[in-house]
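Colleague: If it helps, the file is called coords-v1.cif and holds mmCIF, C-alpha atoms, pLDDT in the B column; chains and numbers go by the auth columns:
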data_protein
loop_
_atom_site.group_PDB
_atom_site.id
_atom_site.type_symbol
_atom_site.label_atom_id
_atom_site.label_comp_id
_atom_site.label_asym_id
_atom_site.label_seq_id
_atom_site.Cartn_x
_atom_site.Cartn_y
_atom_site.Cartn_z
_atom_site.B_iso_or_equiv
_atom_site.auth_seq_id
_atom_site.auth_asym_id
ATOM 1 C CA MET A 1 94.356 160.736 35.404 51.00 1 A
ATOM 2 C CA LYS A 2 92.024 157.745 35.132 58.00 2 A
ATOM 3 C CA GLU A 3 89.230 157.662 37.700 69.00 3 A
ATOM 4 C CA LYS A 4 89.411 154.849 40.235 82.00 4 A
ATOM 5 C CA LYS A 5 86.909 152.051 39.612 90.00 5 A
ATOM 6 C CA SER A 6 84.122 151.560 42.138 93.00 6 A
ATOM 7 C CA LYS A 7 84.313 148.167 43.883 96.00 7 A
ATOM 8 C CA ILE A 8 81.183 146.019 44.100 97.00 8 A
ATOM 9 C CA LEU A 9 80.549 143.081 46.396 97.00 9 A
ATOM 10 C CA LEU A 10 78.111 140.847 44.477 97.00 10 A
ATOM 11 C CA ALA A 11 76.552 137.941 46.402 96.00 11 A
ATOM 12 C CA GLU A 12 74.550 135.548 44.184 94.00 12 A
ATOM 13 C CA ASP A 13 74.213 131.788 44.678 92.00 13 A
ATOM 14 C CA ASP A 14 73.094 131.132 41.077 91.00 14 A
ATOM 15 C CA THR A 15 76.591 130.701 39.635 90.00 15 A
ATOM 16 C CA ASN A 16 75.570 131.166 35.971 94.00 16 A
ATOM 17 C CA PHE A 17 73.494 134.294 36.605 93.00 17 A
ATOM 18 C CA GLY A 18 76.123 135.646 38.997 94.00 18 A
ATOM 19 C CA ALA A 19 78.915 135.193 36.448 95.00 19 A
ATOM 20 C CA VAL A 20 76.890 136.912 33.703 94.00 20 A
ATOM 21 C CA LEU A 21 76.063 139.829 36.003 95.00 21 A
ATOM 22 C CA ARG A 22 79.670 140.110 37.182 96.00 22 A
ATOM 23 C CA ASP A 23 80.933 140.204 33.589 96.00 23 A
ATOM 24 C CA TYR A 24 78.318 142.798 32.620 95.00 24 A
ATOM 25 C CA LEU A 25 79.268 145.096 35.509 96.00 25 A
ATOM 26 C CA THR A 26 82.976 144.571 34.788 96.00 26 A
ATOM 27 C CA MET A 27 82.403 145.633 31.172 96.00 27 A
ATOM 28 C CA ASN A 28 80.804 148.790 32.522 95.00 28 A
ATOM 29 C CA ASP A 29 83.986 149.705 34.393 94.00 29 A
ATOM 30 C CA TYR A 30 83.281 148.301 37.860 96.00 30 A
ATOM 31 C CA GLU A 31 85.562 146.046 39.875 96.00 31 A
ATOM 32 C CA VAL A 32 83.395 143.134 41.019 97.00 32 A
ATOM 33 C CA LYS A 33 83.950 140.381 43.587 97.00 33 A
ATOM 34 C CA LEU A 34 81.414 137.547 43.180 97.00 34 A
ATOM 35 C CA CYS A 35 80.472 135.480 46.249 97.00 35 A
ATOM 36 C CA LYS A 36 78.537 132.186 46.126 94.00 36 A
ATOM 37 C CA ASP A 37 76.737 132.291 49.493 95.00 37 A
ATOM 38 C CA GLY A 38 76.056 134.433 52.543 94.00 38 A
ATOM 39 C CA ASN A 39 79.058 133.291 54.591 96.00 39 A
ATOM 40 C CA ASP A 40 81.409 133.880 51.666 96.00 40 A
ATOM 41 C CA ALA A 41 79.892 137.347 51.153 96.00 41 A
ATOM 42 C CA LEU A 42 80.320 138.365 54.798 96.00 42 A
ATOM 43 C CA ASP A 43 83.889 137.043 55.038 96.00 43 A
ATOM 44 C CA THR A 44 84.782 138.863 51.819 97.00 44 A
ATOM 45 C CA PHE A 45 83.250 142.107 53.056 96.00 45 A
ATOM 46 C CA LEU A 46 85.143 141.956 56.351 95.00 46 A
ATOM 47 C CA THR A 47 88.515 141.418 54.656 95.00 47 A
ATOM 48 C CA ASN A 48 88.175 143.868 51.744 95.00 48 A
ATOM 49 C CA SER A 49 87.022 147.402 50.978 94.00 49 A
ATOM 50 C CA PHE A 50 83.940 147.995 48.793 96.00 50 A
ATOM 51 C CA ASP A 51 81.889 150.947 47.567 94.00 51 A
ATOM 52 C CA ILE A 52 78.555 149.102 47.302 95.00 52 A
ATOM 53 C CA CYS A 53 77.043 145.690 48.103 96.00 53 A
ATOM 54 C CA ILE A 54 74.564 143.876 45.853 96.00 54 A
ATOM 55 C CA LEU A 55 73.031 140.969 47.761 95.00 55 A
ATOM 56 C CA ASP A 56 70.695 138.232 46.591 92.00 56 A
ATOM 57 C CA VAL A 57 68.113 137.641 49.311 91.00 57 A
ATOM 58 C CA MET A 58 67.710 133.870 48.898 89.00 58 A
ATOM 59 C CA MET A 59 71.181 132.400 49.550 90.00 59 A
ATOM 60 C CA PRO A 60 72.347 129.270 51.406 87.00 60 A
ATOM 61 C CA LEU A 61 74.026 129.370 54.830 88.00 61 A
ATOM 62 C CA LYS A 62 73.072 133.038 55.365 91.00 62 A
ATOM 63 C CA ASP A 63 70.374 134.863 53.423 91.00 63 A
ATOM 64 C CA GLY A 64 70.869 138.395 52.111 92.00 64 A
ATOM 65 C CA PHE A 65 68.968 139.979 55.003 92.00 65 A
ATOM 66 C CA MET A 66 71.227 138.314 57.591 94.00 66 A
ATOM 67 C CA VAL A 67 74.343 139.356 55.680 95.00 67 A
ATOM 68 C CA ALA A 68 73.063 142.938 55.414 94.00 68 A
ATOM 69 C CA ARG A 69 72.368 143.130 59.154 93.00 69 A
ATOM 70 C CA GLU A 70 75.919 142.042 59.951 95.00 70 A
ATOM 71 C CA ILE A 71 77.350 144.428 57.350 94.00 71 A
ATOM 72 C CA ARG A 72 75.350 147.274 58.927 90.00 72 A
ATOM 73 C CA GLU A 73 76.888 146.439 62.328 89.00 73 A
ATOM 74 C CA LYS A 74 80.325 147.096 60.823 90.00 74 A
ATOM 75 C CA ASN A 75 79.483 149.850 58.352 89.00 75 A
ATOM 76 C CA ASN A 76 76.349 151.957 58.595 83.00 76 A
ATOM 77 C CA SER A 77 76.886 153.971 55.423 83.00 77 A
ATOM 78 C CA ILE A 78 77.888 151.587 52.622 90.00 78 A
ATOM 79 C CA PRO A 79 75.074 151.337 50.021 91.00 79 A
ATOM 80 C CA ILE A 80 73.208 148.026 49.788 92.00 80 A
ATOM 81 C CA ILE A 81 70.991 146.856 46.918 92.00 81 A
ATOM 82 C CA PHE A 82 68.947 143.655 47.312 91.00 82 A
ATOM 83 C CA LEU A 83 68.222 141.289 44.408 89.00 83 A
ATOM 84 C CA THR A 84 65.327 138.892 44.851 84.00 84 A
ATOM 85 C CA ALA A 85 62.640 136.852 43.156 78.00 85 A
ATOM 86 C CA LYS A 86 60.335 137.649 46.100 68.00 86 A
ATOM 87 C CA THR A 87 57.736 140.316 45.458 66.00 87 A
ATOM 88 C CA LEU A 88 55.923 140.232 48.794 66.00 88 A
ATOM 89 C CA LYS A 89 55.455 143.625 50.411 71.00 89 A
ATOM 90 C CA GLN A 90 56.724 142.454 53.801 74.00 90 A
ATOM 91 C CA ASP A 91 59.966 141.218 52.244 73.00 91 A
ATOM 92 C CA MET A 92 60.575 144.570 50.590 76.00 92 A
ATOM 93 C CA LEU A 93 59.793 146.381 53.837 77.00 93 A
ATOM 94 C CA GLU A 94 62.200 144.085 55.683 79.00 94 A
ATOM 95 C CA GLY A 95 64.945 145.031 53.251 79.00 95 A
ATOM 96 C CA PHE A 96 64.379 148.762 53.685 79.00 96 A
ATOM 97 C CA LYS A 97 64.186 148.426 57.485 80.00 97 A
ATOM 98 C CA ILE A 98 67.646 146.871 57.472 82.00 98 A
ATOM 99 C CA GLY A 99 68.883 149.896 55.545 79.00 99 A
ATOM 100 C CA ALA A 100 68.673 148.958 51.872 82.00 100 A
ATOM 101 C CA ASP A 101 69.235 151.741 49.362 82.00 101 A
ATOM 102 C CA ASP A 102 67.239 149.900 46.702 84.00 102 A
ATOM 103 C CA TYR A 103 65.432 146.628 46.062 85.00 103 A
ATOM 104 C CA ILE A 104 65.228 144.963 42.621 87.00 104 A
ATOM 105 C CA THR A 105 62.998 141.990 41.827 84.00 105 A
ATOM 106 C CA LYS A 106 64.017 139.296 39.340 83.00 106 A
ATOM 107 C CA PRO A 107 63.879 139.124 36.422 82.00 107 A
ATOM 108 C CA PHE A 108 65.201 142.627 35.753 83.00 108 A
ATOM 109 C CA ASP A 109 66.842 144.618 32.972 86.00 109 A
ATOM 110 C CA SER A 110 70.598 144.820 33.557 86.00 110 A
ATOM 111 C CA GLU A 111 70.611 148.435 32.379 89.00 111 A
ATOM 112 C CA ILE A 112 68.120 149.307 35.126 88.00 112 A
ATOM 113 C CA LEU A 113 70.460 147.790 37.716 89.00 113 A
ATOM 114 C CA LEU A 114 73.357 149.755 36.221 91.00 114 A
ATOM 115 C CA TYR A 115 71.358 152.973 36.449 89.00 115 A
ATOM 116 C CA LYS A 116 70.406 152.265 40.070 89.00 116 A
ATOM 117 C CA ILE A 117 74.032 151.523 41.024 92.00 117 A
ATOM 118 C CA LYS A 118 75.184 154.827 39.527 89.00 118 A
ATOM 119 C CA ALA A 119 72.378 156.754 41.240 85.00 119 A
ATOM 120 C CA VAL A 120 73.070 155.192 44.653 85.00 120 A
ATOM 121 C CA LEU A 121 76.834 155.747 44.387 88.00 121 A
ATOM 122 C CA ASN A 122 76.380 159.375 43.309 83.00 122 A
ATOM 123 C CA ARG A 123 73.975 160.004 46.188 78.00 123 A
ATOM 124 C CA ASN A 124 76.373 158.385 48.644 77.00 124 A
ATOM 125 C CA ARG A 125 79.277 160.537 47.421 78.00 125 A
ATOM 126 C CA GLU A 126 77.194 163.700 47.717 72.00 126 A
ATOM 127 C CA ASN A 127 76.200 162.794 51.278 69.00 127 A
ATOM 128 C CA ALA A 128 79.837 162.083 52.153 69.00 128 A
ATOM 129 C CA ASN A 129 80.887 165.457 50.756 66.00 129 A
ATOM 130 C CA LYS A 130 78.186 167.227 52.784 65.00 130 A
ATOM 131 C CA GLU A 131 79.603 165.790 56.010 65.00 131 A
ATOM 132 C CA HIS A 132 82.552 168.184 55.612 71.00 132 A
ATOM 133 C CA LEU A 133 80.292 171.213 55.145 75.00 133 A
ATOM 134 C CA PRO A 134 78.719 173.334 57.903 84.00 134 A
ATOM 135 C CA ASN A 135 75.220 172.482 59.115 87.00 135 A
ATOM 136 C CA GLU A 136 74.440 175.798 60.810 93.00 136 A
ATOM 137 C CA PHE A 137 74.373 179.218 59.175 95.00 137 A
ATOM 138 C CA LYS A 138 73.792 182.776 60.374 96.00 138 A
ATOM 139 C CA ILE A 139 71.596 184.728 57.944 97.00 139 A
ATOM 140 C CA GLY A 140 71.166 188.221 59.351 96.00 140 A
ATOM 141 C CA LYS A 141 69.065 187.783 62.483 96.00 141 A
ATOM 142 C CA TYR A 142 68.102 184.224 61.506 97.00 142 A
ATOM 143 C CA ASP A 143 69.733 180.917 62.367 97.00 143 A
ATOM 144 C CA PHE A 144 69.396 178.188 59.746 97.00 144 A
ATOM 145 C CA ASN A 145 69.984 174.581 60.819 95.00 145 A
ATOM 146 C CA TYR A 146 70.415 172.453 57.706 91.00 146 A
ATOM 147 C CA LYS A 147 70.102 169.061 59.451 87.00 147 A
ATOM 148 C CA LEU A 148 66.951 170.041 61.335 91.00 148 A
ATOM 149 C CA ARG A 149 65.679 172.118 58.372 92.00 149 A
ATOM 150 C CA THR A 150 64.699 175.024 60.627 95.00 150 A
ATOM 151 C CA VAL A 151 64.931 178.805 60.308 97.00 151 A
ATOM 152 C CA SER A 152 64.620 180.676 63.589 96.00 152 A
ATOM 153 C CA ASP A 153 64.855 184.285 64.752 94.00 153 A
ATOM 154 C CA GLY A 154 64.938 183.224 68.406 91.00 154 A
ATOM 155 C CA THR A 155 61.200 183.711 68.821 92.00 155 A
ATOM 156 C CA HIS A 156 59.606 181.996 65.842 93.00 156 A
ATOM 157 C CA THR A 157 60.826 178.865 64.076 95.00 157 A
ATOM 158 C CA HIS A 158 59.871 177.744 60.575 92.00 158 A
ATOM 159 C CA LYS A 159 60.204 174.064 59.628 93.00 159 A
ATOM 160 C CA LEU A 160 61.310 173.782 56.003 92.00 160 A
ATOM 161 C CA SER A 161 60.374 171.085 53.515 88.00 161 A
ATOM 162 C CA PRO A 162 63.264 168.891 52.239 84.00 162 A
ATOM 163 C CA LYS A 163 63.567 170.856 48.980 87.00 163 A
ATOM 164 C CA GLU A 164 63.327 174.208 50.797 92.00 164 A
ATOM 165 C CA GLY A 165 66.111 173.044 53.107 92.00 165 A
ATOM 166 C CA GLU A 166 68.323 171.903 50.221 89.00 166 A
ATOM 167 C CA LEU A 167 67.747 175.148 48.326 95.00 167 A
ATOM 168 C CA LEU A 168 68.507 177.386 51.313 96.00 168 A
ATOM 169 C CA PHE A 169 71.592 175.244 52.020 94.00 169 A
ATOM 170 C CA LEU A 170 72.950 175.929 48.527 94.00 170 A
ATOM 171 C CA LEU A 171 72.133 179.643 48.850 96.00 171 A
ATOM 172 C CA CYS A 172 74.001 179.793 52.178 96.00 172 A
ATOM 173 C CA LEU A 173 77.057 178.062 50.723 92.00 173 A
ATOM 174 C CA LYS A 174 77.066 180.789 48.038 93.00 174 A
ATOM 175 C CA MET A 175 76.009 183.634 50.354 94.00 175 A
ATOM 176 C CA ASN A 176 76.520 187.049 48.698 94.00 176 A
ATOM 177 C CA ASP A 177 77.535 185.206 45.533 94.00 177 A
ATOM 178 C CA LEU A 178 75.650 183.771 42.549 95.00 178 A
ATOM 179 C CA LEU A 179 73.897 180.408 42.817 95.00 179 A
ATOM 180 C CA LYS A 180 73.407 179.366 39.214 94.00 180 A
ATOM 181 C CA ARG A 181 69.885 178.288 38.350 92.00 181 A
ATOM 182 C CA GLU A 182 71.071 175.193 36.466 90.00 182 A
ATOM 183 C CA GLU A 183 73.260 174.069 39.373 89.00 183 A
ATOM 184 C CA ALA A 184 70.381 174.240 41.879 90.00 184 A
ATOM 185 C CA LEU A 185 67.942 172.500 39.547 89.00 185 A
ATOM 186 C CA LYS A 186 70.266 169.601 38.747 83.00 186 A
ATOM 187 C CA LYS A 187 71.401 169.071 42.350 82.00 187 A
ATOM 188 C CA ILE A 188 67.927 169.225 43.909 83.00 188 A
ATOM 189 C CA TRP A 189 65.479 168.249 41.151 81.00 189 A
ATOM 190 C CA GLY A 190 67.844 166.243 38.947 73.00 190 A
ATOM 191 C CA ASP A 191 66.738 168.164 35.846 73.00 191 A
ATOM 192 C CA ASP A 192 66.598 171.739 34.599 73.00 192 A
ATOM 193 C CA ASN A 193 63.489 171.696 32.415 78.00 193 A
ATOM 194 C CA TYR A 194 60.749 174.332 32.373 76.00 194 A
ATOM 195 C CA PHE A 195 58.522 172.614 34.941 78.00 195 A
ATOM 196 C CA THR A 196 61.258 172.089 37.554 80.00 196 A
ATOM 197 C CA ALA A 197 62.372 175.698 37.029 83.00 197 A
ATOM 198 C CA ARG A 198 58.856 176.950 37.767 85.00 198 A
ATOM 199 C CA SER A 199 58.719 174.718 40.834 85.00 199 A
ATOM 200 C CA MET A 200 61.993 176.160 42.115 88.00 200 A
ATOM 201 C CA ASP A 201 60.666 179.699 41.709 90.00 201 A
ATOM 202 C CA VAL A 202 57.846 178.786 44.099 90.00 202 A
ATOM 203 C CA PHE A 203 60.357 177.533 46.680 92.00 203 A
ATOM 204 C CA ILE A 204 62.462 180.686 46.283 94.00 204 A
ATOM 205 C CA ALA A 205 59.357 182.760 47.043 94.00 205 A
ATOM 206 C CA LYS A 206 58.710 180.712 50.195 94.00 206 A
ATOM 207 C CA ILE A 207 62.294 181.127 51.423 96.00 207 A
ATOM 208 C CA ARG A 208 62.102 184.859 50.732 96.00 208 A
ATOM 209 C CA LYS A 209 58.983 184.994 52.922 95.00 209 A
ATOM 210 C CA TYR A 210 60.706 183.099 55.776 95.00 210 A
ATOM 211 C CA LEU A 211 63.508 185.695 55.777 96.00 211 A
ATOM 212 C CA SER A 212 61.311 188.752 55.219 95.00 212 A
ATOM 213 C CA GLY A 213 61.528 189.938 58.841 95.00 213 A
ATOM 214 C CA ASP A 214 65.092 191.215 58.379 96.00 214 A
ATOM 215 C CA PRO A 215 65.490 194.239 56.043 95.00 215 A
ATOM 216 C CA ASP A 216 69.228 193.522 55.735 96.00 216 A
ATOM 217 C CA ILE A 217 68.476 190.295 53.842 96.00 217 A
ATOM 218 C CA GLU A 218 67.680 190.268 50.136 96.00 218 A
ATOM 219 C CA LEU A 219 67.117 187.154 48.045 96.00 219 A
ATOM 220 C CA MET A 220 67.685 188.411 44.512 94.00 220 A
ATOM 221 C CA ASN A 221 66.448 186.771 41.317 92.00 221 A
ATOM 222 C CA LEU A 222 69.030 187.475 38.618 90.00 222 A
ATOM 223 C CA HIS A 223 67.019 186.891 35.462 83.00 223 A
ATOM 224 C CA GLY A 224 68.478 184.148 33.287 79.00 224 A
ATOM 225 C CA SER A 225 71.396 183.532 35.666 90.00 225 A
ATOM 226 C CA GLY A 226 70.243 182.423 39.093 93.00 226 A
ATOM 227 C CA PHE A 227 69.878 183.744 42.618 96.00 227 A
ATOM 228 C CA ARG A 228 71.909 185.653 45.163 96.00 228 A
ATOM 229 C CA LEU A 229 71.306 185.640 48.919 97.00 229 A
ATOM 230 C CA MET A 230 72.582 189.052 50.019 96.00 230 A
ATOM 231 C CA VAL A 231 73.152 189.866 53.679 95.00 231 A
ATOM 232 C CA LYS A 232 74.325 193.378 54.573 88.00 232 A
#
As structure tokens, what does this structure read like?

Modeller:
Amino acid sequence: MKEKKSKILLAEDDTNFGAVLRDYLTMNDYEVKLCKDGNDALDTFLTNSFDICILDVMMPLKDGFMVAREIREKNNSIPIIFLTAKTLKQDMLEGFKIGADDYITKPFDSEILLYKIKAVLNRNRENANKEHLPNEFKIGKYDFNYKLRTVSDGTHTHKLSPKEGELLFLLCLKMNDLLKREEALKKIWGDDNYFTARSMDVFIAKIRKYLSGDPDIELMNLHGSGFRLMVK
């Protein structure tokens, strides 16, 4: 079964550049709706369903920032990428404060934009999938809160780093089962080379230390395969 195409709202007042960009994204298997100004972009967003918005900052009637603010009032999770010729730091900060997922300055390589779109969409899908998964886990005498990134035995609480939290989350989802090394590396580090593997081993050692107060917990390193969080 053919995968459904992701739908892009593209707002760009330069009609020639907008048409070229629309055609390029269409050739790369996206469904694209091109809007000529801010009002057109907002009206189109409110009457259609999209997976991502790509907004030029400098547009007539309503600039990209204004459009993004109104989009965020209706939908707080849809990814937004800004396109702009402005390189001022305060403009970039303004974009991220509104809730931009990325910010690309013109001129840019179309392949870079394509890569960023794919990365943002993949991240958004992963976050959506996580919303259906538990956030709290019981590990022996410890309570692990994934959202807060804390491990507590009721007396002492450890605050985990983002990667420690992600790694323990994956181990908990596979509790008493094998978490493959390659799966953890690709999901958390985005690569499974030698250096990221060594980095993960350090994080495994830290997690093992956090859970060391309960003899019924064992975080096993299965050489060449992965890890297993065993709780008796």

Colleague: Could you list, as a VMD selection string, every residue matched by the PyMOL selection byres ((chain A and resi 99-108) around 10) in this structure?

Modeller: chain A and resid 52 to 57 65 68 to 69 72 76 to 87 91 to 98 109 to 113 116 to 117 120 to 121 124

Colleague: For the selection you just gave me, I'd like the residues written to a file as an mmCIF file, keeping the file's coordinate frame, keeping C-alpha atoms.

Modeller:
data_model
loop_
_atom_site.group_PDB
_atom_site.id
_atom_site.type_symbol
_atom_site.label_atom_id
_atom_site.label_comp_id
_atom_site.auth_asym_id
_atom_site.auth_seq_id
_atom_site.Cartn_x
_atom_site.Cartn_y
_atom_site.Cartn_z
ATOM 1 C CA ILE A 52 78.555 149.102 47.302
ATOM 2 C CA CYS A 53 77.043 145.690 48.103
ATOM 3 C CA ILE A 54 74.564 143.876 45.853
ATOM 4 C CA LEU A 55 73.031 140.969 47.761
ATOM 5 C CA ASP A 56 70.695 138.232 46.591
ATOM 6 C CA VAL A 57 68.113 137.641 49.311
ATOM 7 C CA PHE A 65 68.968 139.979 55.003
ATOM 8 C CA ALA A 68 73.063 142.938 55.414
ATOM 9 C CA ARG A 69 72.368 143.130 59.154
ATOM 10 C CA ARG A 72 75.350 147.274 58.927
ATOM 11 C CA ASN A 76 76.349 151.957 58.595
ATOM 12 C CA SER A 77 76.886 153.971 55.423
ATOM 13 C CA ILE A 78 77.888 151.587 52.622
ATOM 14 C CA PRO A 79 75.074 151.337 50.021
ATOM 15 C CA ILE A 80 73.208 148.026 49.788
ATOM 16 C CA ILE A 81 70.991 146.856 46.918
ATOM 17 C CA PHE A 82 68.947 143.655 47.312
ATOM 18 C CA LEU A 83 68.222 141.289 44.408
ATOM 19 C CA THR A 84 65.327 138.892 44.851
ATOM 20 C CA ALA A 85 62.640 136.852 43.156
ATOM 21 C CA LYS A 86 60.335 137.649 46.100
ATOM 22 C CA THR A 87 57.736 140.316 45.458
ATOM 23 C CA ASP A 91 59.966 141.218 52.244
ATOM 24 C CA MET A 92 60.575 144.570 50.590
ATOM 25 C CA LEU A 93 59.793 146.381 53.837
ATOM 26 C CA GLU A 94 62.200 144.085 55.683
ATOM 27 C CA GLY A 95 64.945 145.031 53.251
ATOM 28 C CA PHE A 96 64.379 148.762 53.685
ATOM 29 C CA LYS A 97 64.186 148.426 57.485
ATOM 30 C CA ILE A 98 67.646 146.871 57.472
ATOM 31 C CA ASP A 109 66.842 144.618 32.972
ATOM 32 C CA SER A 110 70.598 144.820 33.557
ATOM 33 C CA GLU A 111 70.611 148.435 32.379
ATOM 34 C CA ILE A 112 68.120 149.307 35.126
ATOM 35 C CA LEU A 113 70.460 147.790 37.716
ATOM 36 C CA LYS A 116 70.406 152.265 40.070
ATOM 37 C CA ILE A 117 74.032 151.523 41.024
ATOM 38 C CA VAL A 120 73.070 155.192 44.653
ATOM 39 C CA LEU A 121 76.834 155.747 44.387
ATOM 40 C CA ASN A 124 76.373 158.385 48.644
#

Colleague: Which residue, A:Arg181, A:Arg208, A:Lys147, A:His158, has the smallest gap to Leu222 in chain A when you use all atoms listed in the file?

Modeller: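 Selected residue with least distance to Leu222 in chain A: A:Arg181.
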
Colleague: Which residue out of A:Val32, A:Ala184, A:Val20, A:Leu170 has the minimum interatomic distance to Ser6 in chain A when only C-alpha atoms are used?

Modeller: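 Checking each candidate against Ser6 in chain A, we get A:Val32 as the closest.
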
Colleague: Give me the residues within 12 Å of Met230 in chain A as number ranges by chain, counting all atoms listed in the file and dropping any in the same chain fewer than 3 places off.

Modeller: A: 139-140, 171-179, 208, 211, 214-221, 227

Colleague: What does the PyMOL selection byres ((chain A and resi 157) around 12) select in this file, as a list in words?

Modeller: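 This file gives the following for the PyMOL selection byres ((chain A and resi 157) around 12): Tyr142, Asp143, Phe144, Asn145, Leu148, Arg149, Thr150, Val151, Ser152, Asp153, Gly154, Thr155, His156, His158, Lys159, Leu160, Tyr210 and Leu211 of chain A.
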
Colleague: What gap, in Å, lies between CA of Pro60 in chain A and CA of Ala119 in chain A?

Modeller: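 Separating CA of Pro60 in chain A from CA of Ala119 in chain A is a distance of 29.3 Å.
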
Colleague: Would you list the contacts of Ser49 in chain A as a ChimeraX atom specification, taking every protein, DNA or RNA residue within 10 Å and counting only C-alpha atoms, but skipping same-chain residues closer than 5 positions in sequence?

Modeller: /A:7-9,44

Colleague: Produce a file of the selected residues containing C-alpha atoms, as a PDB file, keeping the file's coordinate frame.

Modeller:
ATOM      1  CA  LYS A   7      84.313 148.167  43.883  1.00 96.00           C
ATOM      2  CA  ILE A   8      81.183 146.019  44.100  1.00 97.00           C
ATOM      3  CA  LEU A   9      80.549 143.081  46.396  1.00 97.00           C
ATOM      4  CA  THR A  44      84.782 138.863  51.819  1.00 97.00           C
TER       5      THR A  44
END

Colleague: Just the number, please: distance in Å from CA of Asp192 in chain A to CA of Pro162 in chain A, one decimal.

Modeller: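 The value is 18.2 Å.
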
Colleague: Of the candidates A:Met59, A:Ile207, A:Phe195, A:Val202, which shows the shortest atom-to-atom distance to Leu229 in chain A, using all atoms listed in the file?

Modeller: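 Among A:Met59, A:Ile207, A:Phe195, A:Val202, it is A:Ile207 that comes nearest to Leu229 in chain A.
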
Colleague: Pick out the residues sitting within 8 Å of Lys62 in chain A, and hand them over as a PyMOL selection string; count all atoms listed in the file, and ignore anything fewer than 3 positions along from it in its own chain.

Modeller: chain A and resi 37-39+59+66-67

Colleague: Would you please work out which residue, of A:Lys138, A:Lys186, A:Lys209, A:Lys36, is nearest to Phe169 in chain A when using all atoms listed in the file?

Modeller: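 Residue with the minimum atom-to-atom distance to Phe169 in chain A: A:Lys138.
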
Colleague: Around (64.2, 170.7, 50.7) in the file's frame, which residues reach within 10 Å when counting only C-alpha atoms? Return as a list in words?

Modeller: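 Residues lying no farther than 10 Å from the given point: Tyr146, Arg149, Leu160, Ser161, Pro162, Lys163, Glu164, Gly165, Glu166, Leu167, Leu168, Phe169, Ile188, Trp189 and Phe203 of chain A.
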
Colleague: To one decimal in Å, tell me the separation between CA of Lys74 in chain A and CA of Leu42 in chain A.

Modeller: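 Taking CA of Lys74 in chain A as the start and CA of Leu42 in chain A as the end point, the length is 10.6 Å.
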
Colleague: Give the answer as one residue: which of A:Asp13, A:Ile71, A:Asn28, A:Met58 has the shortest atom-to-atom distance to Phe45 in chain A, using all atoms listed in the file?

Modeller: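 Checking each candidate against Phe45 in chain A, we get A:Ile71 as the closest.
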
Colleague: Once the PyMOL selection byres ((chain A and resi 5) around 7) has been applied to the shown file, what residues remain in the selection, as JSON, numbers by chain?

Modeller: {"A": [3, 4, 6, 7, 29, 30, 31]}

Colleague: Using the atoms already present, construct N, CA and C atoms for range 30-42 of chain A and hand them back as a PDB file, keeping the file's coordinate frame.

Modeller:
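part-v1.pdb was written with the following content:
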ATOM      1  N   TYR A  30      83.293 148.536  36.419  1.00 96.00           N
ATOM      2  CA  TYR A  30      83.281 148.301  37.860  1.00 96.00           C
ATOM      3  C   TYR A  30      84.223 147.143  38.188  1.00 96.00           C
ATOM      4  N   GLU A  31      84.770 147.164  39.388  1.00 96.00           N
ATOM      5  CA  GLU A  31      85.562 146.046  39.875  1.00 96.00           C
ATOM      6  C   GLU A  31      84.648 145.200  40.759  1.00 96.00           C
ATOM      7  N   VAL A  32      84.431 143.951  40.380  1.00 97.00           N
ATOM      8  CA  VAL A  32      83.395 143.134  41.019  1.00 97.00           C
ATOM      9  C   VAL A  32      83.990 141.883  41.648  1.00 97.00           C
ATOM     10  N   LYS A  33      83.597 141.629  42.906  1.00 97.00           N
ATOM     11  CA  LYS A  33      83.950 140.381  43.587  1.00 97.00           C
ATOM     12  C   LYS A  33      82.672 139.576  43.773  1.00 97.00           C
ATOM     13  N   LEU A  34      82.607 138.396  43.133  1.00 97.00           N
ATOM     14  CA  LEU A  34      81.414 137.547  43.180  1.00 97.00           C
ATOM     15  C   LEU A  34      81.543 136.522  44.294  1.00 97.00           C
ATOM     16  N   CYS A  35      80.504 136.449  45.154  1.00 97.00           N
ATOM     17  CA  CYS A  35      80.472 135.480  46.249  1.00 97.00           C
ATOM     18  C   CYS A  35      79.308 134.515  46.054  1.00 97.00           C
ATOM     19  N   LYS A  36      79.504 133.248  46.455  1.00 94.00           N
ATOM     20  CA  LYS A  36      78.537 132.186  46.126  1.00 94.00           C
ATOM     21  C   LYS A  36      77.483 131.957  47.206  1.00 94.00           C
ATOM     22  N   ASP A  37      77.718 132.476  48.421  1.00 95.00           N
ATOM     23  CA  ASP A  37      76.737 132.291  49.493  1.00 95.00           C
ATOM     24  C   ASP A  37      76.906 133.392  50.539  1.00 95.00           C
ATOM     25  N   GLY A  38      76.048 133.377  51.549  1.00 94.00           N
ATOM     26  CA  GLY A  38      76.056 134.433  52.543  1.00 94.00           C
ATOM     27  C   GLY A  38      77.325 134.484  53.377  1.00 94.00           C
ATOM     28  N   ASN A  39      77.828 133.321  53.790  1.00 96.00           N
ATOM     29  CA  ASN A  39      79.058 133.291  54.591  1.00 96.00           C
ATOM     30  C   ASN A  39      80.245 133.828  53.799  1.00 96.00           C
ATOM     31  N   ASP A  40      80.337 133.409  52.542  1.00 96.00           N
ATOM     32  CA  ASP A  40      81.409 133.880  51.666  1.00 96.00           C
ATOM     33  C   ASP A  40      81.323 135.405  51.504  1.00 96.00           C
ATOM     34  N   ALA A  41      80.092 135.906  51.339  1.00 96.00           N
ATOM     35  CA  ALA A  41      79.892 137.347  51.153  1.00 96.00           C
ATOM     36  C   ALA A  41      80.347 138.126  52.387  1.00 96.00           C
ATOM     37  N   LEU A  42      79.965 137.661  53.571  1.00 96.00           N
ATOM     38  CA  LEU A  42      80.320 138.365  54.798  1.00 96.00           C
ATOM     39  C   LEU A  42      81.822 138.328  55.040  1.00 96.00           C
TER      40      LEU A  42
END
